[in-house]
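A short write-up of the structure that comes next.
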Amino acid sequence: MDTVNLSNVTNAQFEAVERIGKEAGVDYDDCYQCGKCTAGCPMAHAMDYAPRQIIRLLQLGLVEEALAAKTPWICAHCMVCSARCPQGVDITATMLAVRRESKRRGLKPARETDIFDDAFIGNVRSFGKSNEAILAAKYNLLSGHLMQDMLNAPKMAMRGMIGPKIHSVKDKDAVKCLVDKALNKGGE
Ligand code: SF4
Ligand code: SF4
């Protein structure tokens with residue numbers, strides 16, 4: 001992390017941190033930067049800021065840096081960090097809250113992840129489950145990676161993972177309701 005001038009941090013930045021903390025159910029003052037979250041994170045090697053550093057940015061009011069980071073979009077939501085934190089800081093919920101705030105502001109630190117998320121959730125809302133072929137087609141079209149995973153299609157078809165039939169669950173509306181409830185709970 002570069003040297004930062006904290007005297008430039010504004011009230012608006014701290015208010016944004018407070019909003020993120022409220023949404024995640026976290027008080028960032030609780031974190032004492034022990035690093036246990038980062039030590040257990042299976043995705044830390046691929047992140048631009050370690051989980052501990054995202055919390056530090058928020059503690060310091062450096063919200064724009066946290067919102068522009070790729071880390072919350074690389075996070076796999078496995079919850080290892082939250083389980084390991086001796087202070088009960090919910091880092092996983094923070095990653096989701098940072099993602100949502102970043103999306104609300106129209107930032108796109110990880111465009112592909114965002115497109116995949118939307119395509120996956122749309123798929124589950126429509127059919128009550130994910131249809132791999134539709135998911136892949138939608139993602140490839142929207143992301144512009146038109147040929148991505150195309151070589152795997154024959155193997156997937158042979159294993160019955162994709163095919164002409166669209167699979168859906170019996171009570172699609174109940175699943176849609178659940179998804180919407182979860183999304184609204186998260187403030188999306
Ligand atoms: S484990 Fe908890 S207290 Fe330790 S750095 Fe991570 S968030 Fe902070
Ligand atoms: S929830 Fe995200 S940040 Fe936490 S350990 Fe898993 S991948 Fe890492």
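Ligands are numbered from 1 in the order shown, residues from 1 within each chain, and chains are lettered A, B, ... in the order they appear in the structure tokens.
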
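Once only C-alpha atoms and all ligand atoms are used for the distance check, the residues close to ligand 2 at 6 Å turn out to be Gly40, Cys41, Pro42, Met43, Pro51, Cys75, Ala76, His77, Cys78, Met79, Val80, Cys81 and Thr92 of chain A.
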
Would you kindly return, as a ChimeraX atom specification, each protein, DNA or RNA residue with an atom no farther than 8 Å from any atom of region 4-10 of chain A, considering only C-alpha atoms and excluding same-chain residues fewer than 3 positions away? /A:13-14,60-62

Those same residues - C-alpha atoms - I'd like them written as a JSON list (two decimals), in the first residue's frame.
[["chain", "number", "residue", "atom", "x", "y", "z"],
["A", 13, "GLN", "CA", -15.74, 9.28, 2.73],
["A", 14, "PHE", "CA", -16.26, 8.26, 6.36],
["A", 60, "LEU", "CA", -8.80, 4.97, 7.21],
["A", 61, "GLY", "CA", -11.76, 6.29, 5.23],
["A", 62, "LEU", "CA", -10.06, 5.51, 1.92]]

At most 12 Å is the cut-off: for each residue in region 52-151 of chain A with any atom that close to an atom of region 165-168 of chain A, write down the nearest atom pair and the distance in Å rounded to one decimal, counting only C-alpha atoms, chain first then increasing number, as a Markdown table.
| residue | atom | partner | partner_atom | distance |
| --- | --- | --- | --- | --- |
| A:Asn123 | CA | A:Ser168 | CA | 9.8 |
| A:Val124 | CA | A:Ser168 | CA | 8.9 |
| A:Arg125 | CA | A:Ser168 | CA | 10.2 |
| A:Ser126 | CA | A:Ser168 | CA | 8.3 |
| A:Phe127 | CA | A:Ser168 | CA | 4.6 |
| A:Gly128 | CA | A:Ser168 | CA | 5.8 |
| A:Lys129 | CA | A:Ser168 | CA | 6.1 |
| A:Ser130 | CA | A:His167 | CA | 8.2 |
| A:Asn131 | CA | A:His167 | CA | 6.6 |
| A:Glu132 | CA | A:Ile166 | CA | 9.5 |
| A:Ala133 | CA | A:Ile166 | CA | 8.8 |
| A:Ile134 | CA | A:Ile166 | CA | 8.6 |
| A:Leu135 | CA | A:Ile166 | CA | 11.4 |

Could you save those same residues with N, CA and C atoms as a short mmCIF file (atom, residue, chain, number, x, y, z; two decimals), in the first residue's frame?
data_model
loop_
_atom_site.label_atom_id
_atom_site.label_comp_id
_atom_site.auth_asym_id
_atom_site.auth_seq_id
_atom_site.Cartn_x
_atom_site.Cartn_y
_atom_site.Cartn_z
N ASN A 123 -30.28 -16.45 -14.43
CA ASN A 123 -30.55 -17.85 -14.78
C ASN A 123 -31.35 -18.54 -13.67
N VAL A 124 -30.90 -18.36 -12.44
CA VAL A 124 -31.56 -19.00 -11.30
C VAL A 124 -32.95 -18.39 -11.08
N ARG A 125 -33.06 -17.07 -11.28
CA ARG A 125 -34.38 -16.42 -11.12
C ARG A 125 -35.37 -16.96 -12.17
N SER A 126 -34.89 -17.22 -13.38
CA SER A 126 -35.79 -17.65 -14.45
C SER A 126 -36.18 -19.12 -14.36
N PHE A 127 -35.21 -19.98 -14.00
CA PHE A 127 -35.48 -21.42 -14.08
C PHE A 127 -35.44 -22.13 -12.72
N GLY A 128 -35.08 -21.41 -11.68
CA GLY A 128 -34.98 -22.03 -10.36
C GLY A 128 -33.67 -22.77 -10.18
N LYS A 129 -32.86 -22.85 -11.22
CA LYS A 129 -31.55 -23.48 -11.17
C LYS A 129 -30.72 -22.95 -12.33
N SER A 130 -29.43 -23.28 -12.29
CA SER A 130 -28.57 -22.78 -13.36
C SER A 130 -28.55 -23.73 -14.55
N ASN A 131 -28.78 -23.22 -15.73
CA ASN A 131 -28.63 -23.99 -16.97
C ASN A 131 -27.30 -23.57 -17.59
N GLU A 132 -26.36 -24.52 -17.58
CA GLU A 132 -24.99 -24.18 -17.98
C GLU A 132 -24.90 -23.58 -19.38
N ALA A 133 -25.66 -24.15 -20.33
CA ALA A 133 -25.55 -23.68 -21.72
C ALA A 133 -26.02 -22.23 -21.83
N ILE A 134 -27.13 -21.91 -21.16
CA ILE A 134 -27.65 -20.53 -21.22
C ILE A 134 -26.68 -19.58 -20.52
N LEU A 135 -26.18 -20.04 -19.37
CA LEU A 135 -25.24 -19.22 -18.61
C LEU A 135 -23.99 -18.90 -19.46
#

Show me which residues line ligand 1, defined as having an atom within 10 Å of a ligand atom where only C-alpha atoms and all ligand atoms count, and present them as a ChimeraX atom specification. /A:26,28-40,50-56,80-92,94

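Compared by their closest atoms to Trp73 (chain A), and using only C-alpha atoms, the residues A:Thr113, A:Leu58, A:Arg104, A:Asp173 rank with A:Thr113 nearest.
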
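A straight line drawn from CA of Thr71 (chain A) to CA of Glu18 (chain A) is 19.6 Å long.
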
Can you tell me how far CA of Val63 (chain A) sits from CA of Asn184 (chain A), in Å to one decimal? 22.9 Å

May I have the residues within 12 Å of Ala182 (chain A) as JSON, numbers by chain, using only C-alpha atoms and disregarding those fewer than 6 positions away in the same chain? {"A": [121, 125, 175, 176, 188]}

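The interatomic distance for the pair CA of Leu142 (chain A) and CA of Ile115 (chain A) works out to 7.0 Å.
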
For Glu112 (chain A), work out the shell of residues within 12 Å, counting only C-alpha atoms and skipping chain neighbours fewer than 6 positions away, then give it as a PyMOL selection string. chain A and resi 70+73-74+118-119+138-145

Put those residues in a file: N, CA and C atoms, as a PDB file, in the first residue's frame.
ATOM      1  N   LYS A  70      -9.913  -4.864  -6.942  1.00  0.00           N
ATOM      2  CA  LYS A  70     -10.450  -6.088  -7.565  1.00  0.00           C
ATOM      3  C   LYS A  70     -10.812  -7.118  -6.485  1.00  0.00           C
ATOM      4  N   TRP A  73     -14.237  -8.548  -5.807  1.00  0.00           N
ATOM      5  CA  TRP A  73     -14.792  -9.277  -6.960  1.00  0.00           C
ATOM      6  C   TRP A  73     -14.099 -10.609  -7.155  1.00  0.00           C
ATOM      7  N   ILE A  74     -12.931 -10.748  -6.574  1.00  0.00           N
ATOM      8  CA  ILE A  74     -12.208 -12.019  -6.667  1.00  0.00           C
ATOM      9  C   ILE A  74     -12.611 -12.931  -5.501  1.00  0.00           C
ATOM     10  N   ASP A 118     -24.399 -11.467 -12.699  1.00  0.00           N
ATOM     11  CA  ASP A 118     -25.736 -11.098 -13.175  1.00  0.00           C
ATOM     12  C   ASP A 118     -26.350 -12.217 -14.019  1.00  0.00           C
ATOM     13  N   ALA A 119     -25.512 -12.830 -14.881  1.00  0.00           N
ATOM     14  CA  ALA A 119     -26.024 -13.907 -15.743  1.00  0.00           C
ATOM     15  C   ALA A 119     -26.441 -15.109 -14.890  1.00  0.00           C
ATOM     16  N   LYS A 138     -24.860 -16.554 -22.468  1.00  0.00           N
ATOM     17  CA  LYS A 138     -25.113 -15.173 -22.032  1.00  0.00           C
ATOM     18  C   LYS A 138     -23.798 -14.486 -21.637  1.00  0.00           C
ATOM     19  N   TYR A 139     -22.976 -15.233 -20.872  1.00  0.00           N
ATOM     20  CA  TYR A 139     -21.705 -14.651 -20.426  1.00  0.00           C
ATOM     21  C   TYR A 139     -20.807 -14.344 -21.623  1.00  0.00           C
ATOM     22  N   ASN A 140     -20.685 -15.287 -22.525  1.00  0.00           N
ATOM     23  CA  ASN A 140     -19.794 -15.091 -23.679  1.00  0.00           C
ATOM     24  C   ASN A 140     -20.238 -13.904 -24.526  1.00  0.00           C
ATOM     25  N   LEU A 141     -21.555 -13.793 -24.727  1.00  0.00           N
ATOM     26  CA  LEU A 141     -22.074 -12.684 -25.538  1.00  0.00           C
ATOM     27  C   LEU A 141     -21.823 -11.336 -24.871  1.00  0.00           C
ATOM     28  N   LEU A 142     -22.205 -11.244 -23.569  1.00  0.00           N
ATOM     29  CA  LEU A 142     -22.101  -9.958 -22.881  1.00  0.00           C
ATOM     30  C   LEU A 142     -20.661  -9.546 -22.592  1.00  0.00           C
ATOM     31  N   SER A 143     -19.798 -10.543 -22.371  1.00  0.00           N
ATOM     32  CA  SER A 143     -18.402 -10.207 -22.045  1.00  0.00           C
ATOM     33  C   SER A 143     -17.555  -9.988 -23.295  1.00  0.00           C
ATOM     34  N   GLY A 144     -18.088 -10.460 -24.448  1.00  0.00           N
ATOM     35  CA  GLY A 144     -17.312 -10.335 -25.689  1.00  0.00           C
ATOM     36  C   GLY A 144     -16.319 -11.468 -25.869  1.00  0.00           C
ATOM     37  N   HIS A 145     -16.265 -12.416 -24.898  1.00  0.00           N
ATOM     38  CA  HIS A 145     -15.378 -13.583 -25.040  1.00  0.00           C
ATOM     39  C   HIS A 145     -16.164 -14.679 -25.760  1.00  0.00           C
TER      40      HIS A 145
END
